[in-house]
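Colleague: My structure is below; once you've seen it, I'll send some questions.
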Amino acid sequence: MSGELASFHLDLSTKQLRTLASSHRPPPTVGCFQRGGSIGCLRIVEKRGFPRRHWRLPHPWPHPSDLQVLQTEAMKAALKELNLNIVEMTDESATLDGGDVLFTGREFFVGLSKRTNQRGAEILADAFKDYAVSTVPVLEGLHLKSFCSMGGPGLIVIGSSEPAQKALKIMQQMSDHRYDKLTVPDDLAANCIYMNLPNKGHVLLHCTPEEFPESAKVFEKLKDHMLIPLSNMEKVKVDGALTCCSVLLNKKADN
């Protein structure tokens with residue numbers, strides 16, 4: 001990633017993030033790598049299974065070694081303000097990254113990767129006892145959600161690579177529920193953000209035609225969705241996907 005990091009443009013990344021934040025109203029909680037600090041229904045503050053990111057940040061930003069701690073504390077404060085229960089992972093042997101946790105609305109799938117282990121999945125299962133939790137080996141790629149995400153109720157968006165398709169097959173075999181699937185040619189394009197918004201209905205934030213033209217055509221098949229293409233190519237250079245940059249709240253519409 002060093003070559004990509006050298007070409008990373010912070011100003012362009014910030015502009016793309018602001019576009020994400022303004023893509024709908026009311027806006028979600030948005031910030032780079034927000035998902036890494038909370039998991040599922042916003043109740044677990046996770047322990048990440050990777051070294052702290054060593055980025056060259058402009059002055060006067062915090063030192064990279066302190067950035068992760070600051071983000072975690074900020075996320076905890078936001079969750080407390082919303083009166084949500086918080087489960088902190090204190091087991092030193094456990095690792096769990098938000099990018100490996102896929103919540104379908106019916107159950108959890110947890111990717112076992114370089115950043116998430118079995119103990120982390122067990123702690124998630126303990127926190128969400130009302131939902132089934134199944135583990136899925138991540139054979140290639142950074143996270144489970146590096147090649148899949150939810151595109152709507154009961155709809156899994158999945159990449160077309162062999163590792164992605166193998167992971168989907170495992171999820172289908174382990175689940176008692178039946179899911180529809182939308183297969184896109186590019187694994188990175190399978191990472192998208194689905195929302196059900198008052199007065200707008202099904203909304204899907206996804207890749208742009210400039211980034212992944214063939215995958216963008218596949219999303220056009222979702223005729224019942226409001227489709228909002230968003231560029232994310234700068235954050236991809238530093239392992240950032242669309243789902244990394246927002247925390248979605250399940251909130252009832254105001255009467």
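To be explicit about the labels: the chains of the structure tokens are called A, B, and onward in the order shown, and within each one the residues are counted from 1, while ligands get numbers from 1 in the order they are shown.
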What's the 12 Å shell around stretch 128-140 of chain A, counting only C-alpha atoms, without same-chain residues fewer than 5 positions away, as a ChimeraX atom specification?

Modeller: /A:39-44,85-87,96,99-123,145-148,161-177,187

Colleague: Enumerate the residues of stretch 96-186 of chain A with a DSSP assignment of helix (DSSP H, G or I), computed from the backbone, and present them as a ChimeraX atom specification.

Modeller: /A:98-100,118-127,144-146,162-174

Colleague: As an exercise, work out the distance from atom CA of A:Cys245 to atom CA of A:Glu92 in Å and give it to one decimal place.

Modeller: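 Interatomic distance here is 26.2 Å.
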
Colleague: Quick check, in Å to one decimal: how far apart do atom CA of A:Ser215 and atom CA of A:Leu227 lie?

Modeller: 12.9 Å

Colleague: Expressed in Å to a single decimal, how great is the separation between atom CA of A:Ala78 and atom CA of A:Met233?

Modeller: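 We find that atom CA of A:Ala78 and atom CA of A:Met233 lie 27.6 Å from each other.
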
Colleague: Compare A:Leu124, A:Met195, A:Leu249, A:Val218 by their minimum atom-to-atom distance to A:Gly159, counting only C-alpha atoms, and give me the closest one.

Modeller: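 Using only C-alpha atoms, the shortest distance to A:Gly159 belongs to A:Val218.
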
Colleague: Considering only strand (DSSP E) as DSSP defines it on the backbone, what residues of stretch 137-211 of chain A qualify? List them as a list in words.

Modeller: Pro137, Cys148, Ser149, Met150, Gly151, Gly152, Leu155, Ile156, Val157, Ile158, Gly159, Asp180, Lys181, Leu182, Thr183, Val184, Ile193, Tyr194, Met195, Asn196, Leu197, Gly201, His202, Val203, Leu204, Leu205 and His206 of chain A

Colleague: Save out the residues we just selected, N, CA, C and O atoms, as an mmCIF file, in the first residue's frame.

Modeller:
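Wrote it out as again.cif, contents follow:
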data_model
loop_
_atom_site.group_PDB
_atom_site.id
_atom_site.type_symbol
_atom_site.label_atom_id
_atom_site.label_comp_id
_atom_site.auth_asym_id
_atom_site.auth_seq_id
_atom_site.Cartn_x
_atom_site.Cartn_y
_atom_site.Cartn_z
ATOM 1 N N PRO A 137 -14.819 -17.814 6.873
ATOM 2 C CA PRO A 137 -13.389 -17.576 6.596
ATOM 3 C C PRO A 137 -13.216 -16.550 5.471
ATOM 4 O O PRO A 137 -13.880 -16.639 4.439
ATOM 5 N N CYS A 148 -18.560 -7.772 0.055
ATOM 6 C CA CYS A 148 -20.011 -7.945 0.186
ATOM 7 C C CYS A 148 -20.585 -6.917 1.153
ATOM 8 O O CYS A 148 -19.878 -6.351 1.987
ATOM 9 N N SER A 149 -21.876 -6.687 1.034
ATOM 10 C CA SER A 149 -22.599 -5.808 1.950
ATOM 11 C C SER A 149 -24.089 -6.028 1.709
ATOM 12 O O SER A 149 -24.478 -6.780 0.812
ATOM 13 N N MET A 150 -24.914 -5.368 2.495
ATOM 14 C CA MET A 150 -26.357 -5.480 2.307
ATOM 15 C C MET A 150 -26.827 -4.384 1.360
ATOM 16 O O MET A 150 -26.519 -3.208 1.548
ATOM 17 N N GLY A 151 -27.593 -4.774 0.343
ATOM 18 C CA GLY A 151 -28.130 -3.822 -0.617
ATOM 19 C C GLY A 151 -29.598 -3.525 -0.395
ATOM 20 O O GLY A 151 -30.202 -2.762 -1.146
ATOM 21 N N GLY A 152 -30.167 -4.103 0.634
ATOM 22 C CA GLY A 152 -31.570 -3.918 0.958
ATOM 23 C C GLY A 152 -32.028 -5.053 1.843
ATOM 24 O O GLY A 152 -31.249 -5.971 2.151
ATOM 25 N N LEU A 155 -31.219 -8.680 0.774
ATOM 26 C CA LEU A 155 -30.436 -8.623 -0.468
ATOM 27 C C LEU A 155 -28.960 -8.449 -0.145
ATOM 28 O O LEU A 155 -28.554 -7.439 0.433
ATOM 29 N N ILE A 156 -28.148 -9.425 -0.530
ATOM 30 C CA ILE A 156 -26.698 -9.354 -0.338
ATOM 31 C C ILE A 156 -26.041 -8.976 -1.659
ATOM 32 O O ILE A 156 -26.264 -9.624 -2.678
ATOM 33 N N VAL A 157 -25.267 -7.896 -1.627
ATOM 34 C CA VAL A 157 -24.457 -7.510 -2.783
ATOM 35 C C VAL A 157 -23.105 -8.196 -2.639
ATOM 36 O O VAL A 157 -22.451 -8.078 -1.604
ATOM 37 N N ILE A 158 -22.693 -8.917 -3.659
ATOM 38 C CA ILE A 158 -21.501 -9.758 -3.558
ATOM 39 C C ILE A 158 -20.606 -9.580 -4.789
ATOM 40 O O ILE A 158 -21.103 -9.408 -5.901
ATOM 41 N N GLY A 159 -19.302 -9.626 -4.586
ATOM 42 C CA GLY A 159 -18.368 -9.564 -5.700
ATOM 43 C C GLY A 159 -18.344 -10.872 -6.471
ATOM 44 O O GLY A 159 -18.818 -11.911 -5.997
ATOM 45 N N ASP A 180 -31.713 -12.975 -1.306
ATOM 46 C CA ASP A 180 -31.470 -12.683 -2.709
ATOM 47 C C ASP A 180 -30.032 -12.186 -2.832
ATOM 48 O O ASP A 180 -29.418 -11.739 -1.851
ATOM 49 N N LYS A 181 -29.483 -12.248 -4.032
ATOM 50 C CA LYS A 181 -28.121 -11.757 -4.227
ATOM 51 C C LYS A 181 -28.049 -10.885 -5.471
ATOM 52 O O LYS A 181 -28.802 -11.065 -6.434
ATOM 53 N N LEU A 182 -27.150 -9.925 -5.412
ATOM 54 C CA LEU A 182 -26.847 -9.076 -6.554
ATOM 55 C C LEU A 182 -25.338 -9.163 -6.751
ATOM 56 O O LEU A 182 -24.564 -8.685 -5.926
ATOM 57 N N THR A 183 -24.904 -9.814 -7.827
ATOM 58 C CA THR A 183 -23.482 -10.030 -8.072
ATOM 59 C C THR A 183 -22.932 -8.930 -8.962
ATOM 60 O O THR A 183 -23.473 -8.667 -10.042
ATOM 61 N N VAL A 184 -21.873 -8.280 -8.494
ATOM 62 C CA VAL A 184 -21.230 -7.222 -9.274
ATOM 63 C C VAL A 184 -19.843 -7.710 -9.714
ATOM 64 O O VAL A 184 -19.207 -8.502 -9.010
ATOM 65 N N ILE A 193 -23.770 1.163 0.831
ATOM 66 C CA ILE A 193 -24.510 1.531 2.039
ATOM 67 C C ILE A 193 -25.994 1.579 1.707
ATOM 68 O O ILE A 193 -26.428 2.369 0.853
ATOM 69 N N TYR A 194 -26.785 0.749 2.384
ATOM 70 C CA TYR A 194 -28.234 0.747 2.205
ATOM 71 C C TYR A 194 -28.906 1.472 3.366
ATOM 72 O O TYR A 194 -28.519 1.291 4.526
ATOM 73 N N MET A 195 -29.912 2.282 3.042
ATOM 74 C CA MET A 195 -30.700 2.971 4.066
ATOM 75 C C MET A 195 -32.171 2.942 3.679
ATOM 76 O O MET A 195 -32.509 3.004 2.501
ATOM 77 N N ASN A 196 -33.026 2.866 4.677
ATOM 78 C CA ASN A 196 -34.466 3.003 4.473
ATOM 79 C C ASN A 196 -34.868 4.314 5.128
ATOM 80 O O ASN A 196 -34.976 4.396 6.350
ATOM 81 N N LEU A 197 -35.060 5.348 4.311
ATOM 82 C CA LEU A 197 -35.259 6.698 4.835
ATOM 83 C C LEU A 197 -36.707 7.143 4.691
ATOM 84 O O LEU A 197 -37.360 6.859 3.680
ATOM 85 N N GLY A 201 -37.706 6.064 1.040
ATOM 86 C CA GLY A 201 -37.723 4.624 0.843
ATOM 87 C C GLY A 201 -36.335 4.030 0.764
ATOM 88 O O GLY A 201 -35.427 4.432 1.493
ATOM 89 N N HIS A 202 -36.147 3.081 -0.160
ATOM 90 C CA HIS A 202 -34.878 2.382 -0.288
ATOM 91 C C HIS A 202 -33.832 3.287 -0.952
ATOM 92 O O HIS A 202 -34.018 3.729 -2.088
ATOM 93 N N VAL A 203 -32.755 3.531 -0.253
ATOM 94 C CA VAL A 203 -31.675 4.371 -0.768
ATOM 95 C C VAL A 203 -30.383 3.568 -0.726
ATOM 96 O O VAL A 203 -30.074 2.919 0.280
ATOM 97 N N LEU A 204 -29.631 3.602 -1.828
ATOM 98 C CA LEU A 204 -28.371 2.856 -1.882
ATOM 99 C C LEU A 204 -27.253 3.769 -2.359
ATOM 100 O O LEU A 204 -27.322 4.349 -3.442
ATOM 101 N N LEU A 205 -26.229 3.916 -1.521
ATOM 102 C CA LEU A 205 -25.019 4.637 -1.894
ATOM 103 C C LEU A 205 -24.028 3.619 -2.447
ATOM 104 O O LEU A 205 -23.719 2.633 -1.778
ATOM 105 N N HIS A 206 -23.526 3.849 -3.641
ATOM 106 C CA HIS A 206 -22.684 2.837 -4.284
ATOM 107 C C HIS A 206 -21.613 3.505 -5.142
ATOM 108 O O HIS A 206 -21.540 4.735 -5.240
#

Colleague: Which residue gives the smallest distance to A:Met75 among A:Leu142, A:Val247, A:Ala189, A:Ala216, with only C-alpha atoms counted?

Modeller: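 Smallest distance to A:Met75 is found for A:Val247.
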